[in-house]
Structures are given as structure tokens and as C-alpha cells.
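In what follows, a single structure is set out as C-alpha cells and then discussed.
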Amino acid sequence: MIFSHKTLGQNVLFGAGHAAQHLAAEVARLNSRRIMVVAGTSEADLARAVTSLIDVAVVYEEVIMHVPIETAQKARVAAQESEIDLLVSVGGGSTTGLAKAIALTTHLPIIAVPTTYAGSEATNVWGLTEAARKTTGSADHVLPRTVIYDSNLMLNLPVELSVASGLNGMAHCIDSLWGPHANPINAALATEGIRALANGLPKIVDNPRDIAGRDQALYGAYLSAVSFASAGSGLHHKICHTLGGTYDLPHASTHATVLPYVLAFNSLHAPSADQRIANALGSLTALEGLQDLRLQLQAPTALKDYGFQLENIPEAVEIILPSVPENNPRPVTAQNLSELLEAALIGANPTDLVLAPSEF
Ligand code: NAD
């Protein structure tokens, strides 16, 4: 084996019902005095509960998905004017993303309290959208110092959003098996992440208030983010970032919809990844296992349901193609990428994308 691996350093505190105590202890440890809480309006109640044991200087609620640059700049000014020394984000990936955008220029530390399975809290990746183009980059100083996981905060996350967000975590795992820095350590984390998410998500669908299911999904989401942070964005993420940033498609549902198509597209060209995913899902092939799970979860199936249109495909291909990692297991061309997007647009059977013997 020859590989390099970078481990990102952060504290991870996990426990249903412990978020407020964990946060107070971390604020004391960091000796923070001027705290800005970042939480969207629909996350405000959760944020109030989580921050009940600390003093808060500012609550910032202007959270918009995919972090438009204007939103980030406004929040940075608010943090600076209030002489903030710590950001506490309580919310989904959009909220964590805004905190990271503030940290990108101010270097303020972040404690992240996630309330979805997006996983942004465990990566050093930031994202900003400007003039309908989403830019992502990595910077270690935007990585939250501490992540506080508490499944109680997810009990009211609607099932549909839980499924989409959990499959966003699954996408981190699967894409990290062929990401530009894929290595055996990421693969081990991703495999356990797939197993945990596949175990937890059906329990949530059966009973959204099942703490054991929520804990499994959250644990899997953390592993998925750690493996993704190390492996880097593969084909799946390059596609979904463009769909989200340029066409304003909802992040988690887009990932959940596109995933089987990218898996089908790459699977025959990445047999060891395919076997790993299949083993984790307890199925014969990766695609079979993913599709069975998606059926059980009633996962979203077609990009057209989110406003993506046939006429968007040529432009999307033009944007995505130059960003596809060179090590993607199957060579990506304008033709086969268009076919992938056309299939995802209408919810066609992804198995149609598996075989392309001429490209072997
Ligand atoms: P989101 O943060 O936009 O949340 C979706 C909706 O759910 C929002 O209305 C939110 O207020 C609500 N919500 C959140 N938690 C809730 C809860 N517990 N109960 C009820 N409602 C709740 O969506 P998301 O999918 O979590 O995050 C998407 C964003 O995160 C995208 O911009 C994406 O690019 C980013 N992201 C970044 C990374 C990274 O590594 N940088 C990784 C994953 C996602």
C-alpha cells in the first residue's frame, strides 16, 4: 500500500440530550466571551435550547442555502461590529456554511451543533455562491474546533428531509471511494458510514422519534463527512455542486436523486468500491443495495421535481466537465455526462447507465 492521509483535528462530543451541557463546557474551555449564534429562523427554537446555559451576544438568523456572497459579507460585518470571539452554529449545512463563510475571512473559531446529516461540520470545505456559480474551497481554519452531536435536535426533522439528508451522507461515503485523494483509511470510514446510515435511516422512516435510529444516522453522517473531507469531491459532488449553485436545486434532495446514477455510471469501472458498498449494504451489487434502500425510504427519484430542465443540461455539462477529477474510474465525456443527467432528470432506471463496454 502506498498512500497519504490527512486527519483533521477537532473535538467531537456525541450524546442525545447533552448538547447544552457540552456547549457550555466547550465555551468555558475556549474562554470565549462574545458569542454569535448562527441559526436560521426555523432553527431558532433549537438554538435557544442548545444555548440556554451560555451568554449570547448576537443571534444571527439570515441563513440562505448555498451561502450567497452578499449574505456572507453582511454576517462578517455583524460579527466584527459586535467584537465576536466565537461563532456557534446551530442548524443544517446552510447554517454551518454561513458560519464557515464568516470564519473564512475573520478567522473566528466555530463550535458547530448540526441539526441535519449534511456533515459540513466535520469538513474544512467552505462554499459560496456568486453570480449563480457555486465556488468551494478548503481552508483548515474554517473547520469547527468542536462538533456537538445530539440526536434529540433531529426529532422534528421531517422524514422527507431526514431521508434526503441521510442520503447526502451516503453520497459522501460513496463518492469518497473514488474521490481524488481516495485511500484505505477513507474507505474504511466510508464503509462503516454506509452501514450505519443504512441501519439508521429505515428506523427513522418507521418512527422519526426513534433515538437509536437517529443516533446511527448521525454517527454515519459524521463518518461520511470525515471520509469525504479527506478524499475530496468526486464526480457526484462536482455534479451536485453545479446543480445546486447554478440552478438553485435543494442540496440534500439533489444528492439523494443523483447518487444512484453516479453509482451506476462508475460501478463496473470500480469493482472494489462496488464490492465494499455491496458488503456494507448486505447486497449482491452496490446498485441493488442502494436501490433497495432508496425504495424502502421512498427517496426522491427525478431532478425535474426540483425544477431542473432538459434545456439546462448542455450548460450544466459545460460547467461540470472541466471539474471532474482525472482519477474518476470511468472516463467522463460530454456525451455520457449528458446521458447521466438526462436519466436523473426524468428518474430513468439507473441500470441503463451501467454498461458501456466500448468505454472499457
Ligand atoms: P439546510 O441546512 O438548508 O436545511 C434544510 C432545511 O431544514 C432548512 O429550512 C432548515 O432550517 C431546516 N432544518 C434544519 N435542521 C432542522 C431540524 N433539526 N428540524 C427541523 N428543521 C430543520 O440543508 P442541508 O442539506 O443540511 O445543508 C445544505 C447546505 O450545506 C448546502 O449549501 C451544502 O452545500 C452545504 N454542505 C456543505 C458541506 C461541506 O463540507 N462544506 C457538506 C454538506 C453540505
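Going through the C-alpha cells in order, the chains are called A, B, and so on, while each chain numbers its residues from 1 and the ligands are numbered from 1 in the order shown.
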As a PyMOL selection string, please: every protein or nucleic acid residue near ligand 1 (cut-off 7 Å, counting only C-alpha atoms and all ligand atoms).
chain A and resi 40-43+65-67+91-95+97+115-121+123-127+153-158+161+165+225+229+241+251-252
With a distance cut-off of 9 Å and only C-alpha atoms, select the neighbouring residues of stretch 50-53 of chain A, excluding the residue or stretch itself and same-chain residues fewer than 6 positions from it, and output the selection as a compact mmCIF listing (two decimals) with N, CA, C and O atoms, in the first residue's frame.
```txt
# COMPACT_ATOMS: atom_id res chain seq x y z
N HIS A 18 -27.44 15.96 25.45
CA HIS A 18 -26.29 16.55 26.13
C HIS A 18 -25.79 17.85 25.49
O HIS A 18 -24.79 18.40 25.95
N ALA A 19 -26.45 18.34 24.44
CA ALA A 19 -25.87 19.46 23.68
C ALA A 19 -25.63 20.70 24.54
O ALA A 19 -24.55 21.30 24.47
N ALA A 20 -26.61 21.09 25.36
CA ALA A 20 -26.46 22.34 26.12
C ALA A 20 -25.27 22.25 27.09
O ALA A 20 -24.45 23.18 27.17
N GLN A 21 -25.15 21.12 27.78
CA GLN A 21 -24.03 20.96 28.72
C GLN A 21 -22.70 20.90 27.97
O GLN A 21 -21.71 21.50 28.39
N LEU A 23 -21.99 22.22 25.13
CA LEU A 23 -21.66 23.54 24.60
C LEU A 23 -21.10 24.43 25.72
O LEU A 23 -20.08 25.11 25.54
N ALA A 24 -21.76 24.43 26.87
CA ALA A 24 -21.29 25.28 27.98
C ALA A 24 -19.86 24.89 28.37
O ALA A 24 -19.00 25.77 28.61
N VAL A 37 -24.41 33.47 17.81
CA VAL A 37 -25.09 32.23 17.46
C VAL A 37 -25.64 32.39 16.04
O VAL A 37 -26.36 33.35 15.77
N VAL A 88 -21.11 30.13 17.18
CA VAL A 88 -21.76 28.85 17.48
C VAL A 88 -22.85 28.66 16.44
O VAL A 88 -23.79 29.46 16.38
N VAL A 90 -25.96 26.55 14.98
CA VAL A 90 -26.95 25.51 15.35
C VAL A 90 -27.89 25.38 14.16
O VAL A 90 -28.73 26.25 13.93
N VAL A 113 -23.10 22.85 15.99
CA VAL A 113 -24.11 21.93 16.53
C VAL A 113 -25.05 21.61 15.37
O VAL A 113 -25.99 22.34 15.10
N LEU A 153 -31.97 16.84 18.76
CA LEU A 153 -32.22 18.02 17.93
C LEU A 153 -32.81 17.65 16.57
O LEU A 153 -33.28 18.51 15.84
```
Could you list, as number ranges by chain, every residue within 8 Å of A:Ile194, counting only C-alpha atoms and ignoring same-chain residues fewer than 6 positions away?
A: 170, 173-174, 220, 224, 277, 280-281
Please provide the set of residues having any atom within 6 Å of A:Leu345, restricted to only C-alpha atoms, with same-chain residues fewer than 4 positions apart removed, written as number ranges by chain.
A: 302-304, 341
From the set A:Val59, A:Arg209, A:Gly193, A:Asn349, which residue has the shortest atom-to-atom contact distance to A:Gln291, counting only C-alpha atoms?
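Among the listed residues, A:Asn349 lies closest to A:Gln291.
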Looking at A:Lys6, A:Lys238, A:Arg214, A:Lys74, which one is nearest to A:Ser323, with distances taken over only C-alpha atoms?
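Distance minimum relative to A:Ser323 lands on A:Lys238.
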Rank A:Leu8, A:Glu26, A:Ile35, A:Asn266 by their smallest atom-to-atom distance to A:His141, using only C-alpha atoms, and report the top residue only.
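Of A:Leu8, A:Glu26, A:Ile35, A:Asn266, the one nearest A:His141, counting only C-alpha atoms, is A:Leu8.
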With distances taken over only C-alpha atoms, which of A:Ile64, A:Ile319, A:Ala57, A:Leu197 is nearest to A:Arg133?
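Ranking A:Ile64, A:Ile319, A:Ala57, A:Leu197 by distance to A:Arg133, first place goes to A:Ile319.
Among the candidates A:Leu108, A:Ile320, A:Val12, A:Leu293, the one nearest to A:Asp140 when counting only C-alpha atoms is A:Leu108.
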Residue nearest A:Ala78 - candidates A:Thr135, A:Thr106, A:Ser227, A:Ser162, atoms counted: only C-alpha atoms:
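Once distances to A:Ala78 are computed over only C-alpha atoms, the minimum belongs to A:Thr106.
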I need the residues in stretch 135-334 of chain A that are strand (DSSP E) according to DSSP; give them as an NGL selection string.
:A and (135-138 or 146-149)
Just the selected residues (all heavy atoms), exported as a short mmCIF file (atom, residue, chain, number, x, y, z; two decimals), in the first residue's frame, please.
```cif
data_model
loop_
_atom_site.label_atom_id
_atom_site.label_comp_id
_atom_site.auth_asym_id
_atom_site.auth_seq_id
_atom_site.Cartn_x
_atom_site.Cartn_y
_atom_site.Cartn_z
N THR A 135 -18.79 28.35 -5.65
CA THR A 135 -17.36 28.07 -5.54
C THR A 135 -17.13 27.37 -4.22
O THR A 135 -17.70 27.77 -3.19
CB THR A 135 -16.56 29.41 -5.49
OG1 THR A 135 -17.01 30.20 -6.56
CG2 THR A 135 -15.08 29.19 -5.58
N THR A 136 -16.33 26.32 -4.22
CA THR A 136 -15.96 25.69 -2.96
C THR A 136 -14.44 25.71 -2.85
O THR A 136 -13.73 25.79 -3.85
CB THR A 136 -16.45 24.23 -2.85
OG1 THR A 136 -15.90 23.48 -3.92
CG2 THR A 136 -17.97 24.12 -2.89
N GLY A 137 -13.98 25.66 -1.62
CA GLY A 137 -12.54 25.61 -1.40
C GLY A 137 -12.31 24.99 -0.04
O GLY A 137 -13.27 24.75 0.71
N SER A 138 -11.07 24.71 0.29
CA SER A 138 -10.82 24.18 1.63
C SER A 138 -9.81 25.05 2.35
O SER A 138 -8.88 25.59 1.74
CB SER A 138 -10.37 22.72 1.56
OG SER A 138 -9.16 22.64 0.87
N THR A 146 -14.97 22.38 17.50
CA THR A 146 -15.71 21.34 18.20
C THR A 146 -17.02 21.07 17.47
O THR A 146 -17.65 22.00 16.97
CB THR A 146 -16.04 21.81 19.64
OG1 THR A 146 -14.83 22.10 20.31
CG2 THR A 146 -16.80 20.74 20.42
N VAL A 147 -17.40 19.80 17.41
CA VAL A 147 -18.73 19.45 16.90
C VAL A 147 -19.48 18.80 18.05
O VAL A 147 -18.96 17.92 18.74
CB VAL A 147 -18.65 18.43 15.74
CG1 VAL A 147 -20.06 18.18 15.20
CG2 VAL A 147 -17.75 18.93 14.64
N ILE A 148 -20.72 19.26 18.23
CA ILE A 148 -21.57 18.69 19.28
C ILE A 148 -22.76 18.01 18.60
O ILE A 148 -23.57 18.68 17.94
CB ILE A 148 -22.02 19.80 20.25
CG1 ILE A 148 -20.77 20.35 20.98
CG2 ILE A 148 -23.05 19.27 21.24
CD1 ILE A 148 -21.01 21.55 21.84
N TYR A 149 -22.80 16.69 18.72
CA TYR A 149 -23.88 15.92 18.10
C TYR A 149 -24.90 15.53 19.17
O TYR A 149 -24.54 14.99 20.22
CB TYR A 149 -23.33 14.64 17.46
CG TYR A 149 -22.54 14.86 16.19
CD1 TYR A 149 -21.17 14.62 16.13
CD2 TYR A 149 -23.19 15.29 15.03
CE1 TYR A 149 -20.46 14.80 14.95
CE2 TYR A 149 -22.48 15.47 13.85
CZ TYR A 149 -21.13 15.22 13.81
OH TYR A 149 -20.44 15.40 12.64
#
```
Would you mind listing what lies within 12 Å of A:Asn279 as a PyMOL selection string, with only C-alpha atoms counted and same-chain residues fewer than 4 positions away left out?
chain A and resi 191-192+194-195+198+272-275+283-290
For all heavy atoms, I'd like the residues from the last selection saved as a tab-separated table (two decimals), in the first residue's frame.
```tsv
chain	number	residue	atom	x	y	z
A	191	THR	N	-17.09	2.95	4.60
A	191	THR	CA	-17.82	1.68	4.65
A	191	THR	C	-18.65	1.59	5.92
A	191	THR	O	-19.82	1.20	5.90
A	191	THR	CB	-16.82	0.50	4.58
A	191	THR	OG1	-15.96	0.72	3.49
A	191	THR	CG2	-17.54	-0.82	4.40
A	192	GLU	N	-18.06	1.97	7.04
A	192	GLU	CA	-18.80	1.97	8.30
A	192	GLU	C	-19.92	3.03	8.26
A	192	GLU	O	-21.01	2.83	8.80
A	192	GLU	CB	-17.83	2.22	9.48
A	192	GLU	CG	-18.47	2.42	10.84
A	192	GLU	CD	-19.21	1.20	11.41
A	192	GLU	OE1	-19.31	0.17	10.72
A	192	GLU	OE2	-19.72	1.31	12.54
A	194	ILE	N	-21.60	3.93	5.56
A	194	ILE	CA	-22.69	3.37	4.74
A	194	ILE	C	-23.52	2.41	5.60
A	194	ILE	O	-24.76	2.44	5.60
A	194	ILE	CB	-22.11	2.62	3.50
A	194	ILE	CG1	-21.45	3.61	2.55
A	194	ILE	CG2	-23.20	1.81	2.79
A	194	ILE	CD1	-20.61	2.97	1.44
A	195	ARG	N	-22.82	1.56	6.35
A	195	ARG	CA	-23.52	0.57	7.18
A	195	ARG	C	-24.41	1.27	8.21
A	195	ARG	O	-25.57	0.93	8.39
A	195	ARG	CB	-22.48	-0.33	7.90
A	195	ARG	CG	-23.08	-1.53	8.61
A	195	ARG	CD	-22.23	-1.98	9.78
A	195	ARG	NE	-21.99	-0.95	10.77
A	195	ARG	CZ	-22.89	-0.52	11.65
A	195	ARG	NH1	-24.12	-1.02	11.66
A	195	ARG	NH2	-22.59	0.44	12.52
A	198	ALA	N	-27.40	3.08	6.54
A	198	ALA	CA	-28.39	2.11	6.04
A	198	ALA	C	-29.13	1.46	7.20
A	198	ALA	O	-30.28	1.04	7.06
A	198	ALA	CB	-27.69	1.05	5.19
A	272	SER	N	-13.79	-2.76	-6.82
A	272	SER	CA	-13.55	-2.94	-5.38
A	272	SER	C	-14.44	-1.99	-4.57
A	272	SER	O	-14.95	-2.36	-3.50
A	272	SER	CB	-12.07	-2.79	-5.02
A	272	SER	OG	-11.66	-1.50	-5.32
A	273	ALA	N	-14.68	-0.78	-5.08
A	273	ALA	CA	-15.63	0.13	-4.41
A	273	ALA	C	-17.02	-0.48	-4.41
A	273	ALA	O	-17.73	-0.48	-3.41
A	273	ALA	CB	-15.64	1.49	-5.10
A	274	ASP	N	-17.38	-1.04	-5.56
A	274	ASP	CA	-18.71	-1.65	-5.69
A	274	ASP	C	-18.89	-2.77	-4.66
A	274	ASP	O	-19.92	-2.84	-3.98
A	274	ASP	CB	-18.87	-2.20	-7.12
A	274	ASP	CG	-20.31	-2.54	-7.43
A	274	ASP	OD1	-21.06	-1.61	-7.78
A	274	ASP	OD2	-20.69	-3.71	-7.27
A	275	GLN	N	-17.85	-3.60	-4.51
A	275	GLN	CA	-17.93	-4.73	-3.58
A	275	GLN	C	-18.04	-4.25	-2.14
A	275	GLN	O	-18.80	-4.75	-1.33
A	275	GLN	CB	-16.68	-5.62	-3.76
A	275	GLN	CG	-16.78	-6.97	-3.06
A	275	GLN	CD	-18.01	-7.75	-3.53
A	275	GLN	OE1	-18.18	-8.00	-4.71
A	275	GLN	NE2	-18.89	-8.12	-2.60
A	283	SER	N	-25.83	-6.57	0.14
A	283	SER	CA	-26.49	-6.88	-1.15
A	283	SER	C	-25.47	-7.50	-2.10
A	283	SER	O	-24.26	-7.49	-1.82
A	283	SER	CB	-27.05	-5.59	-1.75
A	283	SER	OG	-26.02	-4.62	-1.86
A	284	LEU	N	-25.97	-7.97	-3.24
A	284	LEU	CA	-25.08	-8.61	-4.21
A	284	LEU	C	-24.23	-7.56	-4.94
A	284	LEU	O	-23.03	-7.71	-5.11
A	284	LEU	CB	-25.95	-9.39	-5.21
A	284	LEU	CG	-25.27	-10.55	-5.92
A	284	LEU	CD1	-24.74	-11.57	-4.91
A	284	LEU	CD2	-26.28	-11.22	-6.87
A	285	THR	N	-24.90	-6.49	-5.38
A	285	THR	CA	-24.14	-5.39	-6.01
A	285	THR	C	-24.49	-4.09	-5.28
A	285	THR	O	-25.53	-4.00	-4.61
A	285	THR	CB	-24.51	-5.21	-7.50
A	285	THR	OG1	-25.86	-4.69	-7.56
A	285	THR	CG2	-24.41	-6.50	-8.29
A	286	ALA	N	-23.62	-3.09	-5.45
A	286	ALA	CA	-23.83	-1.81	-4.77
A	286	ALA	C	-25.14	-1.17	-5.20
A	286	ALA	O	-25.93	-0.69	-4.38
A	286	ALA	CB	-22.65	-0.88	-5.07
A	287	LEU	N	-25.39	-1.18	-6.51
A	287	LEU	CA	-26.58	-0.50	-7.02
A	287	LEU	C	-27.86	-1.16	-6.51
A	287	LEU	O	-28.81	-0.47	-6.12
A	287	LEU	CB	-26.56	-0.48	-8.56
A	287	LEU	CG	-27.63	0.37	-9.23
A	287	LEU	CD1	-27.55	1.82	-8.78
A	287	LEU	CD2	-27.52	0.29	-10.75
A	288	GLU	N	-27.84	-2.51	-6.49
A	288	GLU	CA	-29.01	-3.23	-5.97
A	288	GLU	C	-29.29	-2.81	-4.53
A	288	GLU	O	-30.42	-2.52	-4.15
A	288	GLU	CB	-28.67	-4.72	-5.96
A	288	GLU	CG	-29.57	-5.58	-6.80
A	288	GLU	CD	-29.08	-7.01	-6.73
A	288	GLU	OE1	-29.20	-7.65	-5.65
A	288	GLU	OE2	-28.57	-7.47	-7.75
A	289	GLY	N	-28.23	-2.78	-3.72
A	289	GLY	CA	-28.37	-2.43	-2.30
A	289	GLY	C	-28.88	-1.01	-2.13
A	289	GLY	O	-29.79	-0.74	-1.33
A	290	LEU	N	-28.30	-0.08	-2.91
A	290	LEU	CA	-28.71	1.33	-2.78
A	290	LEU	C	-30.17	1.49	-3.23
A	290	LEU	O	-30.95	2.19	-2.56
A	290	LEU	CB	-27.79	2.23	-3.62
A	290	LEU	CG	-28.14	3.71	-3.56
A	290	LEU	CD1	-27.91	4.29	-2.15
A	290	LEU	CD2	-27.34	4.52	-4.57
```
Write out as an MDAnalysis selection string the residues lying within 10 Å of A:Tyr306, counting only C-alpha atoms and excluding same-chain residues fewer than 4 positions away.
chainID A and resid 247:250 253:254 300 302 345
Next, the residues of the selection above should be written as a PDB file, in the first residue's frame with all heavy atoms.
```
ATOM      1  N   TYR A 247     -28.494  26.180 -10.541  1.00  0.00           N
ATOM      2  CA  TYR A 247     -29.947  26.062 -10.781  1.00  0.00           C
ATOM      3  C   TYR A 247     -30.739  26.110  -9.478  1.00  0.00           C
ATOM      4  O   TYR A 247     -31.941  25.871  -9.478  1.00  0.00           O
ATOM      5  CB  TYR A 247     -30.236  24.774 -11.581  1.00  0.00           C
ATOM      6  CG  TYR A 247     -29.391  24.737 -12.833  1.00  0.00           C
ATOM      7  CD1 TYR A 247     -28.242  23.950 -12.896  1.00  0.00           C
ATOM      8  CD2 TYR A 247     -29.696  25.567 -13.910  1.00  0.00           C
ATOM      9  CE1 TYR A 247     -27.426  23.974 -14.028  1.00  0.00           C
ATOM     10  CE2 TYR A 247     -28.885  25.599 -15.036  1.00  0.00           C
ATOM     11  CZ  TYR A 247     -27.754  24.800 -15.081  1.00  0.00           C
ATOM     12  OH  TYR A 247     -26.952  24.847 -16.181  1.00  0.00           O
ATOM     13  N   ASP A 248     -30.029  26.399  -8.366  1.00  0.00           N
ATOM     14  CA  ASP A 248     -30.661  26.577  -7.059  1.00  0.00           C
ATOM     15  C   ASP A 248     -31.490  25.352  -6.652  1.00  0.00           C
ATOM     16  O   ASP A 248     -32.549  25.479  -6.036  1.00  0.00           O
ATOM     17  CB  ASP A 248     -31.524  27.847  -7.067  1.00  0.00           C
ATOM     18  CG  ASP A 248     -31.678  28.406  -5.661  1.00  0.00           C
ATOM     19  OD1 ASP A 248     -30.790  28.140  -4.821  1.00  0.00           O
ATOM     20  OD2 ASP A 248     -32.685  29.090  -5.393  1.00  0.00           O
ATOM     21  N   LEU A 249     -31.029  24.184  -7.000  1.00  0.00           N
ATOM     22  CA  LEU A 249     -31.737  22.962  -6.597  1.00  0.00           C
ATOM     23  C   LEU A 249     -31.445  22.690  -5.118  1.00  0.00           C
ATOM     24  O   LEU A 249     -30.345  22.995  -4.638  1.00  0.00           O
ATOM     25  CB  LEU A 249     -31.259  21.777  -7.449  1.00  0.00           C
ATOM     26  CG  LEU A 249     -32.079  21.467  -8.710  1.00  0.00           C
ATOM     27  CD1 LEU A 249     -32.238  22.681  -9.583  1.00  0.00           C
ATOM     28  CD2 LEU A 249     -31.440  20.327  -9.501  1.00  0.00           C
ATOM     29  N   PRO A 250     -32.401  22.103  -4.388  1.00  0.00           N
ATOM     30  CA  PRO A 250     -32.162  21.857  -2.957  1.00  0.00           C
ATOM     31  C   PRO A 250     -31.057  20.813  -2.774  1.00  0.00           C
ATOM     32  O   PRO A 250     -31.063  19.759  -3.414  1.00  0.00           O
ATOM     33  CB  PRO A 250     -33.515  21.319  -2.456  1.00  0.00           C
ATOM     34  CG  PRO A 250     -34.220  20.844  -3.678  1.00  0.00           C
ATOM     35  CD  PRO A 250     -33.717  21.649  -4.829  1.00  0.00           C
ATOM     36  N   SER A 253     -31.795  16.867  -1.436  1.00  0.00           N
ATOM     37  CA  SER A 253     -32.636  16.111  -2.381  1.00  0.00           C
ATOM     38  C   SER A 253     -31.903  15.879  -3.697  1.00  0.00           C
ATOM     39  O   SER A 253     -32.084  14.842  -4.346  1.00  0.00           O
ATOM     40  CB  SER A 253     -33.935  16.858  -2.658  1.00  0.00           C
ATOM     41  OG  SER A 253     -34.520  17.254  -1.462  1.00  0.00           O
ATOM     42  N   THR A 254     -31.092  16.841  -4.105  1.00  0.00           N
ATOM     43  CA  THR A 254     -30.321  16.684  -5.341  1.00  0.00           C
ATOM     44  C   THR A 254     -29.335  15.529  -5.191  1.00  0.00           C
ATOM     45  O   THR A 254     -29.220  14.661  -6.061  1.00  0.00           O
ATOM     46  CB  THR A 254     -29.583  18.006  -5.665  1.00  0.00           C
ATOM     47  OG1 THR A 254     -30.560  19.032  -5.787  1.00  0.00           O
ATOM     48  CG2 THR A 254     -28.784  17.913  -6.941  1.00  0.00           C
ATOM     49  N   PRO A 300     -36.263  10.490  -3.098  1.00  0.00           N
ATOM     50  CA  PRO A 300     -36.621  11.220  -4.325  1.00  0.00           C
ATOM     51  C   PRO A 300     -35.987  10.580  -5.558  1.00  0.00           C
ATOM     52  O   PRO A 300     -34.924   9.962  -5.462  1.00  0.00           O
ATOM     53  CB  PRO A 300     -36.062  12.620  -4.090  1.00  0.00           C
ATOM     54  CG  PRO A 300     -35.080  12.489  -2.994  1.00  0.00           C
ATOM     55  CD  PRO A 300     -35.471  11.295  -2.181  1.00  0.00           C
ATOM     56  N   ALA A 302     -36.365  12.045  -9.250  1.00  0.00           N
ATOM     57  CA  ALA A 302     -36.169  12.756 -10.523  1.00  0.00           C
ATOM     58  C   ALA A 302     -35.841  14.230 -10.287  1.00  0.00           C
ATOM     59  O   ALA A 302     -36.522  14.915  -9.514  1.00  0.00           O
ATOM     60  CB  ALA A 302     -37.424  12.639 -11.376  1.00  0.00           C
ATOM     61  N   LEU A 345     -32.727  13.404 -14.648  1.00  0.00           N
ATOM     62  CA  LEU A 345     -33.786  14.403 -14.828  1.00  0.00           C
ATOM     63  C   LEU A 345     -35.162  13.755 -14.743  1.00  0.00           C
ATOM     64  O   LEU A 345     -36.054  14.241 -14.048  1.00  0.00           O
ATOM     65  CB  LEU A 345     -33.613  15.083 -16.195  1.00  0.00           C
ATOM     66  CG  LEU A 345     -34.718  16.034 -16.611  1.00  0.00           C
ATOM     67  CD1 LEU A 345     -34.614  17.343 -15.834  1.00  0.00           C
ATOM     68  CD2 LEU A 345     -34.669  16.319 -18.113  1.00  0.00           C
TER      69      LEU A 345
END
```
Write out as a PyMOL selection string each polymer residue whose atoms come within 8 Å of A:Leu337, counting only C-alpha atoms; drop sequence neighbours fewer than 5 positions from it.
chain A and resi 317+321+332
Write a file of the just-selected residues containing N, CA, C and O atoms, as a PDB file, in the first residue's frame.
```
ATOM      1  N   VAL A 317     -23.433  20.542 -18.302  1.00  0.00           N
ATOM      2  CA  VAL A 317     -22.314  19.690 -18.737  1.00  0.00           C
ATOM      3  C   VAL A 317     -21.065  20.541 -18.954  1.00  0.00           C
ATOM      4  O   VAL A 317     -19.959  20.176 -18.539  1.00  0.00           O
ATOM      5  N   LEU A 321     -17.961  19.430 -16.597  1.00  0.00           N
ATOM      6  CA  LEU A 321     -16.927  18.608 -17.242  1.00  0.00           C
ATOM      7  C   LEU A 321     -15.481  19.000 -16.859  1.00  0.00           C
ATOM      8  O   LEU A 321     -14.689  18.122 -16.490  1.00  0.00           O
ATOM      9  N   VAL A 332     -15.092  10.437 -18.305  1.00  0.00           N
ATOM     10  CA  VAL A 332     -16.330  11.215 -18.423  1.00  0.00           C
ATOM     11  C   VAL A 332     -16.239  12.096 -19.661  1.00  0.00           C
ATOM     12  O   VAL A 332     -15.255  12.823 -19.844  1.00  0.00           O
TER      13      VAL A 332
END
```
Pick out each residue of stretch 268-336 of chain A that DSSP on the backbone tags as alpha helix (DSSP H); I need them as JSON, numbers by chain.
{"A": [271, 272, 273, 274, 275, 276, 277, 278, 279, 280, 281, 286, 287, 288, 289, 290, 291, 292, 293, 294, 295, 296, 297, 313, 314, 315, 316, 317, 318, 319, 320, 334, 335, 336]}
